[in-house]
file my_file-v2.csv (CSV, C-alpha atoms)
chain,number,residue,atom,x,y,z
A,1,MET,CA,119.7,-22.5,-115.6
A,2,ILE,CA,120.5,-19.7,-118.2
A,3,GLU,CA,123.3,-20.7,-120.6
A,4,LYS,CA,126.3,-18.3,-120.2
A,5,LYS,CA,129.1,-19.9,-122.1
A,6,GLN,CA,129.5,-22.0,-125.3
A,7,ARG,CA,129.2,-25.7,-124.6
A,8,ALA,CA,130.7,-28.7,-126.3
A,9,LYS,CA,129.0,-29.6,-129.6
A,10,ASN,CA,127.4,-32.8,-128.2
A,11,ASN,CA,126.5,-31.4,-124.8
A,12,ARG,CA,122.7,-31.8,-124.6
A,13,THR,CA,122.3,-30.9,-120.9
A,14,LEU,CA,119.0,-29.1,-120.4
A,15,THR,CA,119.1,-25.3,-120.1
A,16,LEU,CA,116.4,-22.6,-119.7
A,17,LEU,CA,116.2,-19.6,-121.9
A,18,PRO,CA,115.2,-16.3,-120.2
A,19,GLU,CA,111.8,-16.2,-121.8
A,20,GLU,CA,111.1,-19.8,-120.7
A,21,ILE,CA,111.5,-19.0,-117.0
A,22,GLU,CA,108.3,-17.0,-116.6
A,23,LEU,CA,106.4,-19.3,-118.9
A,24,PHE,CA,107.2,-22.3,-116.8
A,25,ARG,CA,106.9,-20.5,-113.5
A,26,HIS,CA,103.3,-19.8,-114.2
A,27,LYS,CA,102.7,-23.5,-114.4
A,28,LEU,CA,103.9,-24.2,-110.9
A,29,ILE,CA,101.6,-24.8,-107.9
A,30,THR,CA,102.5,-23.1,-104.7
A,31,LYS,CA,100.8,-22.8,-101.3
A,32,GLU,CA,99.3,-19.5,-102.5
A,33,ASN,CA,97.4,-21.2,-105.3
A,34,ILE,CA,97.1,-24.8,-104.4
A,35,LYS,CA,93.7,-26.6,-104.8
A,36,PHE,CA,92.9,-30.2,-103.9
A,37,SER,CA,91.1,-30.6,-107.2
A,38,GLU,CA,94.0,-29.4,-109.3
A,39,LEU,CA,96.9,-31.6,-108.4
A,40,ILE,CA,96.9,-34.0,-111.2
A,41,ASN,CA,99.8,-33.5,-113.7
A,42,LYS,CA,101.2,-30.7,-111.7
A,43,THR,CA,104.5,-29.6,-110.2
A,44,ILE,CA,104.2,-28.3,-106.6
A,45,ASN,CA,106.9,-25.8,-105.5
A,46,GLY,CA,107.3,-26.0,-101.8
A,47,ASP,CA,108.6,-27.9,-98.7
A,48,VAL,CA,107.4,-31.5,-98.6
A,49,ILE,CA,106.3,-31.4,-94.9
A,50,GLU,CA,104.3,-28.3,-95.5
A,51,MET,CA,102.8,-29.3,-98.8
A,52,LEU,CA,101.8,-32.8,-97.9
A,53,GLN,CA,98.9,-31.4,-95.9
A,54,TYR,CA,97.4,-30.3,-99.2
A,55,ILE,CA,97.6,-33.8,-100.8
A,56,PRO,CA,94.4,-35.9,-100.3
A,57,ASP,CA,94.8,-39.2,-98.5
A,58,GLU,CA,94.8,-42.3,-100.8
A,59,PHE,CA,95.8,-40.0,-103.7
A,60,ALA,CA,98.5,-42.0,-105.4
A,61,ASP,CA,98.7,-45.5,-106.9
A,62,LEU,CA,102.5,-45.4,-106.9
A,63,ILE,CA,104.9,-43.3,-104.8
A,64,ILE,CA,108.6,-43.0,-105.8
A,65,ILE,CA,110.8,-41.3,-103.2
A,66,ASP,CA,114.4,-40.1,-103.8
A,67,PRO,CA,115.0,-38.2,-100.5
A,68,PRO,CA,118.3,-36.6,-99.6
A,69,TYR,CA,120.7,-39.3,-98.6
A,70,ASN,CA,122.6,-39.0,-95.3
A,71,LEU,CA,125.4,-37.1,-97.1
A,72,SER,CA,126.4,-33.4,-97.2
A,73,LYS,CA,125.1,-32.1,-100.5
A,74,ASN,CA,124.4,-28.7,-102.0
A,75,PHE,CA,121.1,-28.8,-103.9
A,76,ASN,CA,121.3,-25.6,-105.8
A,77,GLY,CA,121.7,-23.5,-102.7
A,78,TYR,CA,119.8,-25.8,-100.3
A,79,LYS,CA,122.4,-27.5,-98.2
A,80,PHE,CA,121.6,-30.9,-96.7
A,81,ASN,CA,124.1,-31.9,-94.0
A,82,ALA,CA,125.1,-35.4,-93.0
A,83,ARG,CA,123.9,-36.2,-89.5
A,84,ARG,CA,124.0,-39.0,-87.0
A,85,GLU,CA,122.0,-42.1,-87.8
A,86,ASN,CA,119.3,-41.4,-85.2
A,87,GLU,CA,119.0,-37.8,-86.3
A,88,PHE,CA,118.6,-38.9,-90.0
A,89,GLU,CA,115.8,-41.3,-88.9
A,90,LEU,CA,114.1,-38.4,-87.1
A,91,PHE,CA,114.2,-36.5,-90.4
A,92,LEU,CA,112.6,-39.5,-92.2
A,93,LYS,CA,109.9,-39.8,-89.5
A,94,SER,CA,109.1,-36.1,-89.9
A,95,TRP,CA,107.4,-36.8,-93.2
A,96,PHE,CA,107.2,-40.5,-94.1
A,97,PRO,CA,104.2,-41.6,-91.9
A,98,GLU,CA,102.2,-38.7,-93.4
A,99,LEU,CA,103.3,-39.6,-96.9
A,100,CYS,CA,102.1,-43.2,-96.5
A,101,LYS,CA,98.6,-41.9,-95.9
A,102,LYS,CA,98.7,-40.6,-99.5
A,103,LEU,CA,99.1,-44.1,-100.9
A,104,LYS,CA,96.0,-46.0,-102.0
A,105,PRO,CA,95.2,-49.2,-100.1
A,106,ASN,CA,96.5,-51.4,-103.0
A,107,GLY,CA,99.3,-49.0,-103.8
A,108,SER,CA,103.1,-49.5,-104.0
A,109,LEU,CA,106.0,-47.4,-102.8
A,110,TYR,CA,109.7,-47.3,-103.8
A,111,MET,CA,112.3,-45.4,-101.8
A,112,CYS,CA,115.9,-44.8,-103.0
A,113,GLY,CA,119.1,-44.8,-100.9
A,114,ASP,CA,122.7,-45.6,-100.7
A,115,TRP,CA,124.7,-48.0,-98.4
A,116,LYS,CA,125.1,-45.4,-95.7
A,117,CYS,CA,121.4,-44.7,-95.2
A,118,THR,CA,119.7,-47.9,-96.4
A,119,SER,CA,119.3,-49.4,-93.0
A,120,SER,CA,117.6,-46.3,-91.8
A,121,LEU,CA,115.3,-46.4,-94.7
A,122,GLN,CA,114.4,-50.0,-94.0
A,123,ARG,CA,113.6,-49.4,-90.4
A,124,THR,CA,111.5,-46.4,-91.3
A,125,ILE,CA,109.5,-48.1,-94.0
A,126,GLU,CA,108.7,-51.3,-92.2
A,127,LYS,CA,107.0,-49.4,-89.4
A,128,GLU,CA,104.3,-48.2,-91.9
A,129,LEU,CA,104.3,-50.7,-94.8
A,130,THR,CA,105.2,-54.2,-95.8
A,131,ILE,CA,108.6,-54.5,-97.5
A,132,LEU,CA,108.6,-57.0,-100.4
A,133,ASN,CA,112.2,-56.5,-101.7
A,134,ARG,CA,115.3,-54.5,-102.0
A,135,ILE,CA,116.5,-53.7,-105.5
A,136,THR,CA,120.2,-52.9,-105.9
A,137,TRP,CA,121.3,-51.1,-109.1
A,138,GLN,CA,124.7,-50.5,-110.4
A,139,ARG,CA,125.5,-46.7,-110.4
A,140,GLU,CA,128.5,-46.7,-112.7
A,141,LYS,CA,129.8,-43.2,-112.4
A,142,GLY,CA,132.8,-41.4,-110.8
A,143,ARG,CA,136.6,-42.0,-110.9
A,144,GLY,CA,136.8,-44.1,-107.8
A,145,ALA,CA,138.2,-43.8,-104.3
A,146,LYS,CA,141.9,-44.1,-103.2
A,147,ASN,CA,141.3,-45.1,-99.6
A,148,ASN,CA,138.2,-47.2,-99.9
A,149,TRP,CA,136.1,-49.3,-102.3
A,150,LYS,CA,134.4,-47.2,-104.9
A,151,ASN,CA,130.7,-46.9,-104.2
A,152,GLY,CA,129.1,-48.2,-107.4
A,153,MET,CA,125.7,-49.4,-106.0
A,154,GLU,CA,122.4,-47.9,-104.7
A,155,ASP,CA,119.3,-49.5,-103.3
A,156,ILE,CA,115.6,-49.1,-103.9
A,157,TRP,CA,113.2,-50.5,-101.2
A,158,PHE,CA,110.0,-51.9,-102.6
A,159,ALA,CA,107.0,-51.8,-100.2
A,160,VAL,CA,103.2,-52.0,-100.3
A,161,LYS,CA,100.3,-51.3,-98.0
A,162,ASN,CA,98.6,-54.7,-98.5
A,163,PRO,CA,100.9,-57.6,-99.4
A,164,LYS,CA,97.8,-59.6,-100.5
A,165,ASP,CA,96.5,-56.8,-102.9
A,166,TYR,CA,98.9,-54.9,-105.0
A,167,TYR,CA,99.6,-54.5,-108.7
A,168,PHE,CA,102.8,-56.0,-110.2
A,169,ASN,CA,103.3,-56.6,-114.0
A,170,VAL,CA,106.5,-58.5,-114.4
A,171,GLU,CA,105.8,-59.0,-118.2
A,172,SER,CA,106.2,-55.3,-118.7
A,173,VAL,CA,109.8,-55.2,-117.4
A,174,LYS,CA,111.5,-58.0,-119.3
A,175,MET,CA,115.1,-57.4,-120.4
A,176,LYS,CA,116.7,-58.3,-123.7
A,177,ARG,CA,120.1,-59.8,-123.1
A,178,ARG,CA,122.7,-61.0,-125.5
A,179,VAL,CA,123.3,-64.7,-125.4
A,180,LEU,CA,127.1,-65.4,-125.2
A,181,ALA,CA,126.8,-69.2,-125.0
A,182,PRO,CA,123.8,-70.2,-127.1
A,183,TYR,CA,122.3,-73.6,-126.2
A,184,LYS,CA,120.3,-75.6,-128.7
A,185,ILE,CA,118.0,-78.6,-128.5
A,186,HIS,CA,117.7,-80.7,-131.7
A,187,GLY,CA,119.5,-77.9,-133.6
A,188,LYS,CA,117.0,-75.2,-132.5
A,189,PRO,CA,117.6,-72.3,-130.0
A,190,LYS,CA,116.4,-72.9,-126.5
A,191,ASP,CA,114.7,-69.8,-124.9
A,192,TRP,CA,116.6,-67.4,-127.2
A,193,GLN,CA,116.3,-65.8,-130.7
A,194,GLU,CA,118.9,-66.2,-133.4
A,195,ASN,CA,119.2,-62.9,-135.4
A,196,ASP,CA,121.6,-61.6,-138.0
A,197,ASP,CA,122.8,-58.9,-135.6
A,198,GLY,CA,123.3,-61.3,-132.6
A,199,ASN,CA,121.6,-63.8,-130.3
A,200,PHE,CA,119.2,-62.5,-127.7
A,201,ARG,CA,117.0,-63.8,-124.9
A,202,LEU,CA,114.1,-62.1,-123.1
A,203,THR,CA,114.6,-62.6,-119.4
A,204,TYR,CA,112.6,-61.8,-116.2
A,205,PRO,CA,114.2,-59.1,-114.0
A,206,SER,CA,115.9,-59.9,-110.7
A,207,ASN,CA,116.5,-57.4,-107.9
A,208,PHE,CA,120.0,-56.6,-109.2
A,209,TRP,CA,120.1,-54.2,-112.2
A,210,ASP,CA,123.3,-53.8,-114.1
A,211,ASP,CA,121.9,-52.1,-117.2
A,212,ILE,CA,121.4,-48.5,-116.0
A,213,SER,CA,123.3,-45.6,-117.4
A,214,ILE,CA,123.6,-42.5,-115.3
A,215,PRO,CA,122.5,-39.3,-117.2
A,216,PHE,CA,125.5,-37.5,-118.6
A,217,TRP,CA,126.1,-34.4,-120.8
A,218,SER,CA,125.5,-36.0,-124.1
A,219,MET,CA,122.0,-37.4,-123.1
A,220,PRO,CA,119.0,-35.2,-123.7
A,221,GLU,CA,117.5,-36.2,-120.3
A,222,ASN,CA,120.5,-34.7,-118.5
A,223,THR,CA,120.2,-31.7,-116.1
A,224,ASN,CA,122.7,-30.2,-113.7
A,225,HIS,CA,120.9,-31.8,-110.7
A,226,PRO,CA,123.6,-33.4,-108.6
A,227,THR,CA,121.7,-36.7,-107.9
A,228,GLN,CA,119.4,-37.0,-111.0
A,229,LYS,CA,118.0,-40.5,-111.4
A,230,PRO,CA,117.9,-42.1,-114.9
A,231,GLU,CA,114.6,-42.2,-116.8
A,232,LYS,CA,115.2,-45.9,-117.5
A,233,LEU,CA,115.5,-46.7,-113.8
A,234,TYR,CA,112.1,-45.1,-113.0
A,235,ALA,CA,110.5,-46.6,-116.1
A,236,LYS,CA,111.0,-50.1,-114.6
A,237,LEU,CA,109.3,-49.0,-111.4
A,238,ILE,CA,106.4,-47.3,-113.1
A,239,LEU,CA,105.8,-50.1,-115.6
A,240,ALA,CA,105.9,-52.8,-113.0
A,241,SER,CA,103.8,-51.2,-110.3
A,242,SER,CA,101.2,-49.0,-112.1
A,243,LYS,CA,98.8,-49.1,-114.9
A,244,LYS,CA,98.1,-46.6,-117.6
A,245,GLY,CA,96.1,-43.7,-116.1
A,246,ASP,CA,97.3,-44.4,-112.6
A,247,VAL,CA,98.7,-41.5,-110.4
A,248,VAL,CA,102.5,-41.5,-109.8
A,249,PHE,CA,103.6,-39.2,-107.0
A,250,ASP,CA,107.1,-38.1,-106.1
A,251,PRO,CA,107.5,-35.9,-103.0
A,252,PHE,CA,111.2,-35.1,-103.7
A,253,LEU,CA,110.8,-34.4,-107.4
A,254,GLY,CA,114.2,-32.9,-108.1
A,255,SER,CA,114.5,-32.2,-111.9
A,256,GLY,CA,111.4,-34.1,-112.7
A,257,THR,CA,112.3,-37.6,-113.7
A,258,ALA,CA,109.4,-39.4,-112.1
A,259,SER,CA,106.8,-37.0,-113.6
A,260,VAL,CA,108.5,-37.1,-117.0
A,261,VAL,CA,108.6,-40.9,-117.2
A,262,ALA,CA,105.0,-41.2,-115.9
A,263,LYS,CA,103.9,-38.9,-118.7
A,264,LYS,CA,105.9,-40.8,-121.4
A,265,LEU,CA,104.3,-44.0,-120.2
A,266,GLU,CA,100.7,-42.6,-120.1
A,267,ARG,CA,100.4,-42.3,-116.4
A,268,LYS,CA,99.2,-39.2,-114.4
A,269,TYR,CA,101.8,-37.5,-112.2
A,270,CYS,CA,102.3,-35.1,-109.4
A,271,GLY,CA,105.5,-34.0,-107.7
A,272,ILE,CA,106.7,-31.7,-104.9
A,273,GLU,CA,110.1,-29.9,-105.1
A,274,MET,CA,111.3,-27.1,-102.8
A,275,ASN,CA,113.8,-25.6,-105.3
A,276,GLU,CA,112.1,-23.4,-107.9
A,277,GLU,CA,114.8,-23.8,-110.5
A,278,TYR,CA,114.5,-27.6,-110.3
A,279,CYS,CA,110.7,-27.2,-110.8
A,280,LEU,CA,111.3,-25.1,-113.9
A,281,TRP,CA,113.7,-27.8,-115.3
A,282,ALA,CA,110.9,-30.4,-114.6
A,283,GLU,CA,108.4,-28.3,-116.5
A,284,LYS,CA,110.6,-27.9,-119.5
A,285,ARG,CA,111.3,-31.7,-119.6
A,286,LEU,CA,107.5,-32.3,-119.4
A,287,LYS,CA,107.0,-29.9,-122.3
A,288,LEU,CA,109.7,-31.7,-124.3
A,289,ALA,CA,108.0,-35.0,-123.5
A,290,GLU,CA,105.0,-34.0,-125.5
A,291,LYS,CA,106.9,-34.6,-128.7
A,292,ASN,CA,109.5,-37.1,-127.5
A,293,PHE,CA,108.3,-40.2,-125.6
A,294,SER,CA,111.5,-42.1,-126.0
A,295,ILE,CA,113.3,-43.5,-123.0
A,296,GLN,CA,117.0,-44.4,-123.5
A,297,GLY,CA,117.4,-48.2,-123.0
A,298,TYR,CA,113.7,-49.0,-123.3
A,299,PHE,CA,112.6,-49.9,-126.9
A,300,ASN,CA,109.9,-51.9,-128.5
A,301,GLY,CA,108.4,-52.9,-125.1
A,302,VAL,CA,111.6,-54.3,-123.6
A,303,PHE,CA,114.6,-53.1,-121.7
A,304,TRP,CA,117.9,-53.5,-123.4
A,305,GLU,CA,121.3,-54.1,-121.9
A,306,ARG,CA,123.6,-51.1,-121.4
A,307,ASN,CA,125.7,-50.3,-124.6
A,308,SER,CA,123.3,-52.1,-126.9
A,309,LEU,CA,122.1,-49.0,-128.8
A,310,SER,CA,123.3,-50.3,-132.2
A,311,GLU,CA,121.1,-53.4,-131.8
A,312,GLN,CA,118.2,-51.2,-131.0
A,313,ILE,CA,118.7,-49.1,-134.1
A,314,LYS,CA,118.8,-52.2,-136.3
A,315,ALA,CA,115.6,-53.4,-134.7
A,316,LEU,CA,113.9,-50.1,-135.4
A,317,LYS,CA,115.0,-50.2,-139.1
A,318,LYS,CA,113.6,-53.7,-139.4
A,319,MET,CA,110.3,-52.5,-138.0
A,320,GLU,CA,110.2,-49.6,-140.5
A,321,GLU,CA,110.7,-52.1,-143.4
A,322,ILE,CA,107.7,-54.2,-142.4
call {"tool": "encode", "arguments": {"input": "my_file-v2.csv", "output": "structure tokens"}}
result
Amino acid sequence: MIEKKQRAKNNRTLTLLPEEIELFRHKLITKENIKFSELINKTINGDVIEMLQYIPDEFADLIIIDPPYNLSKNFNGYKFNARRENEFELFLKSWFPELCKKLKPNGSLYMCGDWKCTSSLQRTIEKELTILNRITWQREKGRGAKNNWKNGMEDIWFAVKNPKDYYFNVESVKMKRRVLAPYKIHGKPKDWQENDDGNFRLTYPSNFWDDISIPFWSMPENTNHPTQKPEKLYAKLILASSKKGDVVFDPFLGSGTASVVAKKLERKYCGIEMNEEYCLWAEKRLKLAEKNFSIQGYFNGVFWERNSLSEQIKALKKMEEI
């Protein structure tokens, strides 16, 4: 996106300068120059059904999928129209079985959806893989609805090829939560830490996440993609279900969140996206990630509650003093 008008002072939404367009375009892989041996750490510009044939089987350790939901949306000129449930499932079946072949035998897969399409996702996934859980995360954005309940939740289905052999590191995704009613035994904190800036407890994650902030204009990760997923959201999936050096694959890459987070967390990546401008945004974000590995809400090896930035800054200053 080329900036055409002056923005608010704190608006950090990503833009592309004219000279950056050709620079990043040359980095893209298309059907004209794709090679099986050169897919790692690449952005593939093309249709997922067509480009999957070029991806080797058992290519990825982790697949993250954020397909079009069963809603009418305009993705920068590509219009996806809502359809009947059986028709939407035919759309899923046109690429999902082939995609599963790209997952390693001990690999994991996550697929995103909302309330309207989540049952279709479940039926499609369980025909190919074993579903282990459904994560529900709070998508706190929008003004609300006058004639219905505001939709503030989305789902992520967690599935594996082999339920007896898959990687999951729960220690890497602990959350730091403020303790509002601290409990002590013999005058000492029980399972929490007493600090000058508050009382906190490290907790294991459940399948309900209420600590996610949707990217908005003052966040450096923000783009103009209409359904961009937060880096913090994908960081949890990548840390829990992959190791450093593993391959993270996203066949509906959008503006690049999966690849960017994989890079920041020292994983390899590959993504497919049919819209060229989104691919260019992804490449710029990947370039920026070479100097900035931070992920908002993830600090010092733990995930922090939403709106706890001040505590994170204090913790950073303490570390610098040591």
call {"tool": "closest_residue", "arguments": {"input": "my_file-v2.csv", "among": "A:Pro205, A:Ala8, A:Gly271, A:Asn292", "to": "Glu221 of chain A", "atoms": "all atoms listed in the file"}}
result
A:Asn292
call {"tool": "closest_atom_pairs", "arguments": {"input": "my_file-v2.csv", "of": "segment 52-111 of chain A", "to": "segment 253-267 of chain A", "cutoff": "9 Å", "atoms": "only C-alpha atoms", "output": "JSON lines"}}
result
{"residue": "A:Ile64", "atom": "CA", "partner": "A:Ala258", "partner_atom": "CA", "distance": 7.3}
{"residue": "A:Ile65", "atom": "CA", "partner": "A:Leu253", "partner_atom": "CA", "distance": 8.1}
{"residue": "A:Asp66", "atom": "CA", "partner": "A:Leu253", "partner_atom": "CA", "distance": 7.6}
{"residue": "A:Pro67", "atom": "CA", "partner": "A:Leu253", "partner_atom": "CA", "distance": 8.9}
call {"tool": "closest_residue", "arguments": {"input": "my_file-v2.csv", "among": "A:Val247, A:Leu239, A:Ile212, A:Ala82", "to": "Gly297 of chain A", "atoms": "only C-alpha atoms"}}
result
A:Ile212
call {"tool": "closest_residue", "arguments": {"input": "my_file-v2.csv", "among": "A:Thr227, A:Asn41, A:Ser242, A:Asn148", "to": "Cys112 of chain A", "atoms": "all atoms listed in the file"}}
result
A:Thr227
call {"tool": "atom_distance", "arguments": {"input": "my_file-v2.csv", "atom1": "atom CA of Thr203 of chain A", "atom2": "atom CA of Asp155 of chain A"}}
result
21.3 Å
call {"tool": "atom_distance", "arguments": {"input": "my_file-v2.csv", "atom1": "atom CA of Arg285 of chain A", "atom2": "atom CA of Cys270 of chain A"}}
result
14.0 Å
call {"tool": "residues_around", "arguments": {"input": "my_file-v2.csv", "residues": "Tyr69 of chain A", "least_positions_apart": "3", "cutoff": "12 Å", "atoms": "only C-alpha atoms", "output": "NGL selection string"}}
result
:A and (65-66 or 72-75 or 79-83 or 85 or 88-89 or 91-92 or 111-121 or 154-155 or 226-227 or 252)
call {"tool": "atom_distance", "arguments": {"input": "my_file-v2.csv", "atom1": "atom CA of Asp211 of chain A", "atom2": "atom CA of Asn300 of chain A"}}
result
16.5 Å
call {"tool": "closest_residue", "arguments": {"input": "my_file-v2.csv", "among": "A:Lys284, A:Lys243, A:Lys146, A:Arg134", "to": "Leu28 of chain A", "atoms": "only C-alpha atoms"}}
result
A:Lys284
call {"tool": "residues_around", "arguments": {"input": "my_file-v2.csv", "residues": "Lys232 of chain A", "least_positions_apart": "2", "cutoff": "8 Å", "atoms": "only C-alpha atoms", "output": "short mmCIF file (atom, residue, chain, number, x, y, z; two decimals) with C-alpha atoms, in the coordinates of the input"}}
result
data_model
loop_
_atom_site.label_atom_id
_atom_site.label_comp_id
_atom_site.auth_asym_id
_atom_site.auth_seq_id
_atom_site.Cartn_x
_atom_site.Cartn_y
_atom_site.Cartn_z
CA ILE A 212 121.40 -48.50 -116.00
CA PRO A 230 117.90 -42.10 -114.90
CA TYR A 234 112.10 -45.10 -113.00
CA ALA A 235 110.50 -46.60 -116.10
CA LYS A 236 111.00 -50.10 -114.60
CA ILE A 295 113.30 -43.50 -123.00
CA GLN A 296 117.00 -44.40 -123.50
CA GLY A 297 117.40 -48.20 -123.00
CA TYR A 298 113.70 -49.00 -123.30
#
call {"tool": "closest_residue", "arguments": {"input": "my_file-v2.csv", "among": "A:Glu231, A:Glu126, A:Glu38, A:Glu276", "to": "Glu22 of chain A", "atoms": "only C-alpha atoms"}}
result
A:Glu276
call {"tool": "closest_residue", "arguments": {"input": "my_file-v2.csv", "among": "A:Met274, A:Leu14, A:Ala60, A:Met51", "to": "Met219 of chain A", "atoms": "only C-alpha atoms"}}
result
A:Leu14
